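Worksheet: the structure to be examined is printed underneath.
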Amino acid sequence: MNTVTGKTTPYKIITNIILAILTVFLVFPLYWIFTGSVKTAADINTMVPQWFPTNPTLDNYQRLFDNPALLWLWNTVFIAVVAMILTCITAAMAGYVLAKKKFYGRALIFSLIVCAMALPKQVILIPLLKEMSTLHLHDSVWAVILPTVGWPFGVFLMKQFSEGIPNEMLEAARIDGAGETRTFVQIILPMVKPGIGALAIFTFITAWNDYFMQLIMLTSNTNLTISLGIANLQAEMATDFGLIMAGAAVAAIPILAVFLMFQKYFTQGITMGAVKG
């Protein structure tokens with residue numbers, strides 16, 4: 001039997017060419033950062049661009065870590081990882097309750113969550129700043145983490161996934177004598193794992209790149225994140241592009257690692273969300 005699944009058509013050729021061109025455009029800035037981070041100052045500032053490092057060196061990374069870059073990186077990783085874990089836990093619990101529990105005011109609470117998704121962060125910045133100052137958390141990593149934990153988008157996303165859980169499974173768990181904790185851990189979490197994977201990526205990237213919140217909440221040099229530290233280096237050493245690119249390369253590695261780790265769940269989450277309903 002002849003099949004046309006693997007047949008090469010003009011449409012496929014044009015599509016592959018377009019995708020290849022878009023891939024080059026998207027990957028090139030990352031390539032330029034990593035190659036620039038191992039170039040000397042003379043090679044970076046030359047009039048004719050060098051597409052490949054001719055004299056690779058790790059001097060830029062050495063000078064970067066002579067600054068408190070490791071501390072900045074640790075602060076950023078701690079903020080992103082803790083915010084990701086806490087957000088996934090709280091969003092999964094809240095989404096499950098809003099989707100499967102019947103209680104007075106549930107529709108109102110969900111409506112408020114949807115409305116909160118439309119509010120820009122700048123609107124609630126002053127109340128957040130006063131709240132963190134009252135709790136004596138200003139200029140600490142927790143001032144950046146805690147406002148992220150109640151992310152409305154995370155609750156909305158997990159509610160959509162929780163609605164796909166059959167009620168018969170929950171009834172069977174209750175008949176077997178399973179409590180709420182056991183039901184949530186052994187039944188709910190495995191079934192919404194793709195949603196948690198997608199939310200983990202979204203939360204990690206958001207917390208990692210939340211330059212505005214970090215700028216407002218963090219002031220001490222030892223509490224800075226890698227983004228703030230690189231910005232300070234750029235202000236102090238505006239022409240030292242090798243040092244700045246080394247900092248940007250260090251900042252990009254964890255995001256790439258997290259995306260590769262959760263890529264399968266992210267793809268499943270997007271696919272399931274697209275066909276839901």
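Residues in the structure tokens are named by chain (A, B, ... in the order shown) and by number from 1 within that chain; ligands are numbered from 1 in the order shown.
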
Leaving out stretch 92-96 of chain A and any residue of its chain fewer than 4 positions from it, which residues lie within 9 Å of it when counting only C-alpha atoms, given as a list of chain:residue names? A:Thr87, A:Cys88, A:Lys100, A:Lys101, A:Gly154, A:Val155, A:Phe156, A:Leu157, A:Met158, A:Lys159, A:Gln160, A:Phe161, A:Ser162, A:Glu163, A:Phe184, A:Ile188, A:Leu189, A:Val192, A:Gly195, A:Ile196

Given the selection you just returned, output its residues as a file containing N, CA, C and O atoms, formatted as a PDB file, in the first residue's frame.
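Heads up, here's the output in selection_38.pdb:
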```pdb
ATOM      1  N   THR A  87       4.351  28.100  44.134  1.00  0.00           N
ATOM      2  CA  THR A  87       3.259  28.454  43.232  1.00  0.00           C
ATOM      3  C   THR A  87       2.568  27.216  42.687  1.00  0.00           C
ATOM      4  O   THR A  87       1.333  27.165  42.612  1.00  0.00           O
ATOM      5  N   CYS A  88       3.341  26.202  42.300  1.00  0.00           N
ATOM      6  CA  CYS A  88       2.736  24.973  41.784  1.00  0.00           C
ATOM      7  C   CYS A  88       1.889  24.280  42.847  1.00  0.00           C
ATOM      8  O   CYS A  88       0.797  23.769  42.556  1.00  0.00           O
ATOM      9  N   LYS A 100     -13.605  21.199  41.806  1.00  0.00           N
ATOM     10  CA  LYS A 100     -14.297  19.989  42.249  1.00  0.00           C
ATOM     11  C   LYS A 100     -15.053  20.137  43.569  1.00  0.00           C
ATOM     12  O   LYS A 100     -15.767  19.210  43.949  1.00  0.00           O
ATOM     13  N   LYS A 101     -14.924  21.224  44.257  1.00  0.00           N
ATOM     14  CA  LYS A 101     -15.618  21.413  45.523  1.00  0.00           C
ATOM     15  C   LYS A 101     -16.774  22.387  45.350  1.00  0.00           C
ATOM     16  O   LYS A 101     -16.627  23.420  44.689  1.00  0.00           O
ATOM     17  N   GLY A 154      -1.745  30.974  37.550  1.00  0.00           N
ATOM     18  CA  GLY A 154      -1.496  29.600  37.969  1.00  0.00           C
ATOM     19  C   GLY A 154      -2.755  28.929  38.477  1.00  0.00           C
ATOM     20  O   GLY A 154      -3.032  27.766  38.144  1.00  0.00           O
ATOM     21  N   VAL A 155      -3.544  29.651  39.271  1.00  0.00           N
ATOM     22  CA  VAL A 155      -4.806  29.092  39.770  1.00  0.00           C
ATOM     23  C   VAL A 155      -5.760  28.823  38.611  1.00  0.00           C
ATOM     24  O   VAL A 155      -6.418  27.776  38.553  1.00  0.00           O
ATOM     25  N   PHE A 156      -5.846  29.768  37.697  1.00  0.00           N
ATOM     26  CA  PHE A 156      -6.728  29.603  36.525  1.00  0.00           C
ATOM     27  C   PHE A 156      -6.314  28.387  35.708  1.00  0.00           C
ATOM     28  O   PHE A 156      -7.161  27.576  35.301  1.00  0.00           O
ATOM     29  N   LEU A 157      -5.015  28.236  35.457  1.00  0.00           N
ATOM     30  CA  LEU A 157      -4.529  27.124  34.643  1.00  0.00           C
ATOM     31  C   LEU A 157      -4.824  25.786  35.305  1.00  0.00           C
ATOM     32  O   LEU A 157      -5.312  24.852  34.660  1.00  0.00           O
ATOM     33  N   MET A 158      -4.541  25.675  36.607  1.00  0.00           N
ATOM     34  CA  MET A 158      -4.749  24.411  37.288  1.00  0.00           C
ATOM     35  C   MET A 158      -6.231  24.090  37.464  1.00  0.00           C
ATOM     36  O   MET A 158      -6.609  22.919  37.525  1.00  0.00           O
ATOM     37  N   LYS A 159      -7.079  25.097  37.549  1.00  0.00           N
ATOM     38  CA  LYS A 159      -8.520  24.835  37.601  1.00  0.00           C
ATOM     39  C   LYS A 159      -8.991  24.198  36.301  1.00  0.00           C
ATOM     40  O   LYS A 159      -9.806  23.265  36.307  1.00  0.00           O
ATOM     41  N   GLN A 160      -8.469  24.690  35.178  1.00  0.00           N
ATOM     42  CA  GLN A 160      -8.865  24.126  33.893  1.00  0.00           C
ATOM     43  C   GLN A 160      -8.449  22.666  33.784  1.00  0.00           C
ATOM     44  O   GLN A 160      -9.191  21.842  33.249  1.00  0.00           O
ATOM     45  N   PHE A 161      -7.289  22.326  34.286  1.00  0.00           N
ATOM     46  CA  PHE A 161      -6.837  20.937  34.240  1.00  0.00           C
ATOM     47  C   PHE A 161      -7.614  20.071  35.220  1.00  0.00           C
ATOM     48  O   PHE A 161      -7.941  18.915  34.923  1.00  0.00           O
ATOM     49  N   SER A 162      -7.916  20.615  36.396  1.00  0.00           N
ATOM     50  CA  SER A 162      -8.638  19.836  37.404  1.00  0.00           C
ATOM     51  C   SER A 162     -10.053  19.518  36.969  1.00  0.00           C
ATOM     52  O   SER A 162     -10.622  18.503  37.391  1.00  0.00           O
ATOM     53  N   GLU A 163     -10.644  20.352  36.152  1.00  0.00           N
ATOM     54  CA  GLU A 163     -11.997  20.087  35.686  1.00  0.00           C
ATOM     55  C   GLU A 163     -12.070  18.843  34.810  1.00  0.00           C
ATOM     56  O   GLU A 163     -13.146  18.250  34.654  1.00  0.00           O
ATOM     57  N   PHE A 184      -5.706  14.017  47.094  1.00  0.00           N
ATOM     58  CA  PHE A 184      -4.999  15.065  46.344  1.00  0.00           C
ATOM     59  C   PHE A 184      -3.625  14.590  45.894  1.00  0.00           C
ATOM     60  O   PHE A 184      -3.230  14.811  44.741  1.00  0.00           O
ATOM     61  N   ILE A 188      -5.088  13.389  42.352  1.00  0.00           N
ATOM     62  CA  ILE A 188      -5.154  14.678  41.654  1.00  0.00           C
ATOM     63  C   ILE A 188      -3.810  15.040  41.036  1.00  0.00           C
ATOM     64  O   ILE A 188      -3.720  15.350  39.834  1.00  0.00           O
ATOM     65  N   LEU A 189      -2.751  15.031  41.832  1.00  0.00           N
ATOM     66  CA  LEU A 189      -1.447  15.472  41.327  1.00  0.00           C
ATOM     67  C   LEU A 189      -0.957  14.676  40.123  1.00  0.00           C
ATOM     68  O   LEU A 189      -0.494  15.269  39.141  1.00  0.00           O
ATOM     69  N   VAL A 192      -2.888  15.854  36.958  1.00  0.00           N
ATOM     70  CA  VAL A 192      -2.658  17.227  36.479  1.00  0.00           C
ATOM     71  C   VAL A 192      -1.165  17.501  36.304  1.00  0.00           C
ATOM     72  O   VAL A 192      -0.760  18.659  36.215  1.00  0.00           O
ATOM     73  N   GLY A 195      -0.128  19.889  33.503  1.00  0.00           N
ATOM     74  CA  GLY A 195      -0.393  21.290  33.852  1.00  0.00           C
ATOM     75  C   GLY A 195       0.624  21.838  34.821  1.00  0.00           C
ATOM     76  O   GLY A 195       1.052  22.985  34.704  1.00  0.00           O
ATOM     77  N   ILE A 196       1.036  21.014  35.786  1.00  0.00           N
ATOM     78  CA  ILE A 196       2.047  21.458  36.744  1.00  0.00           C
ATOM     79  C   ILE A 196       3.376  21.692  36.035  1.00  0.00           C
ATOM     80  O   ILE A 196       4.106  22.638  36.342  1.00  0.00           O
TER      81      ILE A 196
END
```

Cut-off 12 Å: closest stretch 120-235 of chain A/stretch 240-262 of chain A atom pairs per residue, using only C-alpha atoms, as a Markdown table:
```
| residue | atom | partner | partner_atom | distance |
| --- | --- | --- | --- | --- |
| A:Lys193 | CA | A:Phe262 | CA | 10.6 |
| A:Pro194 | CA | A:Phe262 | CA | 9.2 |
| A:Gly195 | CA | A:Phe262 | CA | 10.8 |
| A:Ile196 | CA | A:Phe262 | CA | 9.5 |
| A:Gly197 | CA | A:Phe262 | CA | 5.8 |
| A:Ala198 | CA | A:Phe262 | CA | 7.4 |
| A:Leu199 | CA | A:Phe262 | CA | 9.8 |
| A:Ala200 | CA | A:Phe262 | CA | 7.8 |
| A:Ile201 | CA | A:Phe259 | CA | 6.4 |
| A:Phe202 | CA | A:Phe259 | CA | 9.5 |
| A:Thr203 | CA | A:Val258 | CA | 10.9 |
| A:Phe204 | CA | A:Ile255 | CA | 7.8 |
| A:Ile205 | CA | A:Ile255 | CA | 6.7 |
| A:Thr206 | CA | A:Ile255 | CA | 10.3 |
| A:Ala207 | CA | A:Ile255 | CA | 10.7 |
| A:Trp208 | CA | A:Ile255 | CA | 8.0 |
| A:Asn209 | CA | A:Ala251 | CA | 9.5 |
| A:Thr225 | CA | A:Ala251 | CA | 9.6 |
| A:Ile226 | CA | A:Ala251 | CA | 6.5 |
| A:Ser227 | CA | A:Ala251 | CA | 7.4 |
| A:Leu228 | CA | A:Gly247 | CA | 10.6 |
| A:Gly229 | CA | A:Gly247 | CA | 8.5 |
| A:Ile230 | CA | A:Gly247 | CA | 6.1 |
| A:Ala231 | CA | A:Ile244 | CA | 8.5 |
| A:Asn232 | CA | A:Ile244 | CA | 9.9 |
| A:Leu233 | CA | A:Ile244 | CA | 7.0 |
| A:Gln234 | CA | A:Ile244 | CA | 6.4 |
| A:Ala235 | CA | A:Asp240 | CA | 10.1 |
```

I need the chosen residues saved as a PDB file, in the first residue's frame, with C-alpha atoms.
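Result saved to again22.pdb:
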```
ATOM      1  CA  LYS A 193       1.086  16.616  36.098  1.00  0.00           C
ATOM      2  CA  PRO A 194       1.220  18.101  32.556  1.00  0.00           C
ATOM      3  CA  GLY A 195      -0.393  21.290  33.852  1.00  0.00           C
ATOM      4  CA  ILE A 196       2.047  21.458  36.744  1.00  0.00           C
ATOM      5  CA  GLY A 197       4.952  21.014  34.308  1.00  0.00           C
ATOM      6  CA  ALA A 198       3.718  23.873  32.127  1.00  0.00           C
ATOM      7  CA  LEU A 199       3.082  26.061  35.180  1.00  0.00           C
ATOM      8  CA  ALA A 200       6.547  25.243  36.544  1.00  0.00           C
ATOM      9  CA  ILE A 201       8.187  26.588  33.392  1.00  0.00           C
ATOM     10  CA  PHE A 202       6.008  29.696  33.308  1.00  0.00           C
ATOM     11  CA  THR A 203       6.637  30.424  36.997  1.00  0.00           C
ATOM     12  CA  PHE A 204      10.377  29.808  36.853  1.00  0.00           C
ATOM     13  CA  ILE A 205      10.872  32.065  33.837  1.00  0.00           C
ATOM     14  CA  THR A 206       8.593  34.756  35.288  1.00  0.00           C
ATOM     15  CA  ALA A 207      10.377  34.755  38.647  1.00  0.00           C
ATOM     16  CA  TRP A 208      13.799  34.651  36.980  1.00  0.00           C
ATOM     17  CA  ASN A 209      13.093  37.559  34.621  1.00  0.00           C
ATOM     18  CA  THR A 225      19.805  38.929  41.467  1.00  0.00           C
ATOM     19  CA  ILE A 226      21.913  38.167  38.417  1.00  0.00           C
ATOM     20  CA  SER A 227      19.775  40.502  36.271  1.00  0.00           C
ATOM     21  CA  LEU A 228      20.265  43.433  38.649  1.00  0.00           C
ATOM     22  CA  GLY A 229      23.953  42.602  39.012  1.00  0.00           C
ATOM     23  CA  ILE A 230      24.468  42.583  35.240  1.00  0.00           C
ATOM     24  CA  ALA A 231      22.608  45.891  34.967  1.00  0.00           C
ATOM     25  CA  ASN A 232      24.938  47.391  37.588  1.00  0.00           C
ATOM     26  CA  LEU A 233      27.978  46.060  35.743  1.00  0.00           C
ATOM     27  CA  GLN A 234      26.650  47.531  32.517  1.00  0.00           C
ATOM     28  CA  ALA A 235      26.246  50.904  34.213  1.00  0.00           C
TER      29      ALA A 235
END
```

Cut-off 12 Å: closest stretch 29-77 of chain A/stretch 123-145 of chain A atom pairs per residue, using only C-alpha atoms, as a tab-separated table:
```
residue	atom	partner	partner_atom	distance
A:Trp72	CA	A:Val141	CA	11.0
A:Trp74	CA	A:Val141	CA	10.7
A:Asn75	CA	A:Val141	CA	7.1
A:Thr76	CA	A:Val141	CA	8.6
A:Val77	CA	A:Val141	CA	10.6
```

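For A:Tyr31, the residues within 12 Å (counting only C-alpha atoms, excluding itself and residues fewer than 2 positions away along the chain) are Thr23, Val24, Phe25, Leu26, Val27, Phe28, Pro29, Ile33, Phe34, Thr35, Gly36, Ser37, Val38, Trp51, Phe52, Pro53, Met245, Ala248, Ala249 and Ala252 of chain A.
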
Could you turn the residues from that selection into a file that holds N, CA and C atoms, as a PDB file, in the first residue's frame?
```pdb
ATOM      1  N   THR A  23      14.471  29.601  12.956  1.00  0.00           N
ATOM      2  CA  THR A  23      15.329  29.015  13.987  1.00  0.00           C
ATOM      3  C   THR A  23      16.660  29.741  14.065  1.00  0.00           C
ATOM      4  N   VAL A  24      17.232  30.049  12.910  1.00  0.00           N
ATOM      5  CA  VAL A  24      18.507  30.777  12.895  1.00  0.00           C
ATOM      6  C   VAL A  24      18.353  32.146  13.545  1.00  0.00           C
ATOM      7  N   PHE A  25      17.282  32.853  13.217  1.00  0.00           N
ATOM      8  CA  PHE A  25      17.062  34.180  13.796  1.00  0.00           C
ATOM      9  C   PHE A  25      16.871  34.105  15.309  1.00  0.00           C
ATOM     10  N   LEU A  26      16.203  33.057  15.795  1.00  0.00           N
ATOM     11  CA  LEU A  26      15.936  32.934  17.225  1.00  0.00           C
ATOM     12  C   LEU A  26      17.158  32.460  18.006  1.00  0.00           C
ATOM     13  N   VAL A  27      17.959  31.594  17.395  1.00  0.00           N
ATOM     14  CA  VAL A  27      19.105  31.015  18.096  1.00  0.00           C
ATOM     15  C   VAL A  27      20.335  31.918  18.003  1.00  0.00           C
ATOM     16  N   PHE A  28      20.419  32.738  16.965  1.00  0.00           N
ATOM     17  CA  PHE A  28      21.628  33.536  16.766  1.00  0.00           C
ATOM     18  C   PHE A  28      21.966  34.464  17.936  1.00  0.00           C
ATOM     19  N   PRO A  29      20.995  35.189  18.533  1.00  0.00           N
ATOM     20  CA  PRO A  29      21.374  36.038  19.679  1.00  0.00           C
ATOM     21  C   PRO A  29      21.998  35.249  20.820  1.00  0.00           C
ATOM     22  N   ILE A  33      25.849  35.668  22.240  1.00  0.00           N
ATOM     23  CA  ILE A  33      26.167  35.914  23.647  1.00  0.00           C
ATOM     24  C   ILE A  33      27.230  34.941  24.131  1.00  0.00           C
ATOM     25  N   PHE A  34      27.036  33.653  23.845  1.00  0.00           N
ATOM     26  CA  PHE A  34      27.983  32.651  24.349  1.00  0.00           C
ATOM     27  C   PHE A  34      29.352  32.783  23.683  1.00  0.00           C
ATOM     28  N   THR A  35      29.379  33.063  22.375  1.00  0.00           N
ATOM     29  CA  THR A  35      30.677  33.235  21.725  1.00  0.00           C
ATOM     30  C   THR A  35      31.339  34.544  22.154  1.00  0.00           C
ATOM     31  N   GLY A  36      30.539  35.588  22.340  1.00  0.00           N
ATOM     32  CA  GLY A  36      31.107  36.857  22.789  1.00  0.00           C
ATOM     33  C   GLY A  36      31.668  36.793  24.193  1.00  0.00           C
ATOM     34  N   SER A  37      31.106  35.888  25.018  1.00  0.00           N
ATOM     35  CA  SER A  37      31.586  35.783  26.394  1.00  0.00           C
ATOM     36  C   SER A  37      32.982  35.174  26.489  1.00  0.00           C
ATOM     37  N   VAL A  38      33.455  34.519  25.413  1.00  0.00           N
ATOM     38  CA  VAL A  38      34.796  33.925  25.437  1.00  0.00           C
ATOM     39  C   VAL A  38      35.739  34.651  24.489  1.00  0.00           C
ATOM     40  N   TRP A  51      32.724  35.932  13.581  1.00  0.00           N
ATOM     41  CA  TRP A  51      31.612  35.000  13.788  1.00  0.00           C
ATOM     42  C   TRP A  51      32.015  33.838  14.680  1.00  0.00           C
ATOM     43  N   PHE A  52      33.301  33.524  14.723  1.00  0.00           N
ATOM     44  CA  PHE A  52      33.803  32.459  15.587  1.00  0.00           C
ATOM     45  C   PHE A  52      34.963  33.011  16.419  1.00  0.00           C
ATOM     46  N   PRO A  53      35.048  32.659  17.702  1.00  0.00           N
ATOM     47  CA  PRO A  53      36.171  33.145  18.530  1.00  0.00           C
ATOM     48  C   PRO A  53      37.506  32.606  18.020  1.00  0.00           C
ATOM     49  N   MET A 245      28.461  40.070  28.452  1.00  0.00           N
ATOM     50  CA  MET A 245      27.996  38.861  27.778  1.00  0.00           C
ATOM     51  C   MET A 245      28.221  37.628  28.632  1.00  0.00           C
ATOM     52  N   ALA A 248      25.358  37.579  30.962  1.00  0.00           N
ATOM     53  CA  ALA A 248      24.130  37.170  30.268  1.00  0.00           C
ATOM     54  C   ALA A 248      24.126  35.674  29.977  1.00  0.00           C
ATOM     55  N   ALA A 249      25.292  35.113  29.654  1.00  0.00           N
ATOM     56  CA  ALA A 249      25.381  33.672  29.398  1.00  0.00           C
ATOM     57  C   ALA A 249      25.096  32.878  30.665  1.00  0.00           C
ATOM     58  N   ALA A 252      21.422  32.851  31.351  1.00  0.00           N
ATOM     59  CA  ALA A 252      20.588  32.097  30.412  1.00  0.00           C
ATOM     60  C   ALA A 252      20.642  30.595  30.646  1.00  0.00           C
TER      61      ALA A 252
END
```

Mind the document's chain letters and residue numbers, and return as a PyMOL selection string the residues of stretch 12-86 of chain A that DSSP labels alpha helix (DSSP H). chain A and resi 12-36+41-44+59-66+69-86

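Minimum distance to A:Leu119 across A:Ile18, A:Phe153, A:Gly105, A:Leu224 (counting only C-alpha atoms) occurs at A:Phe153.
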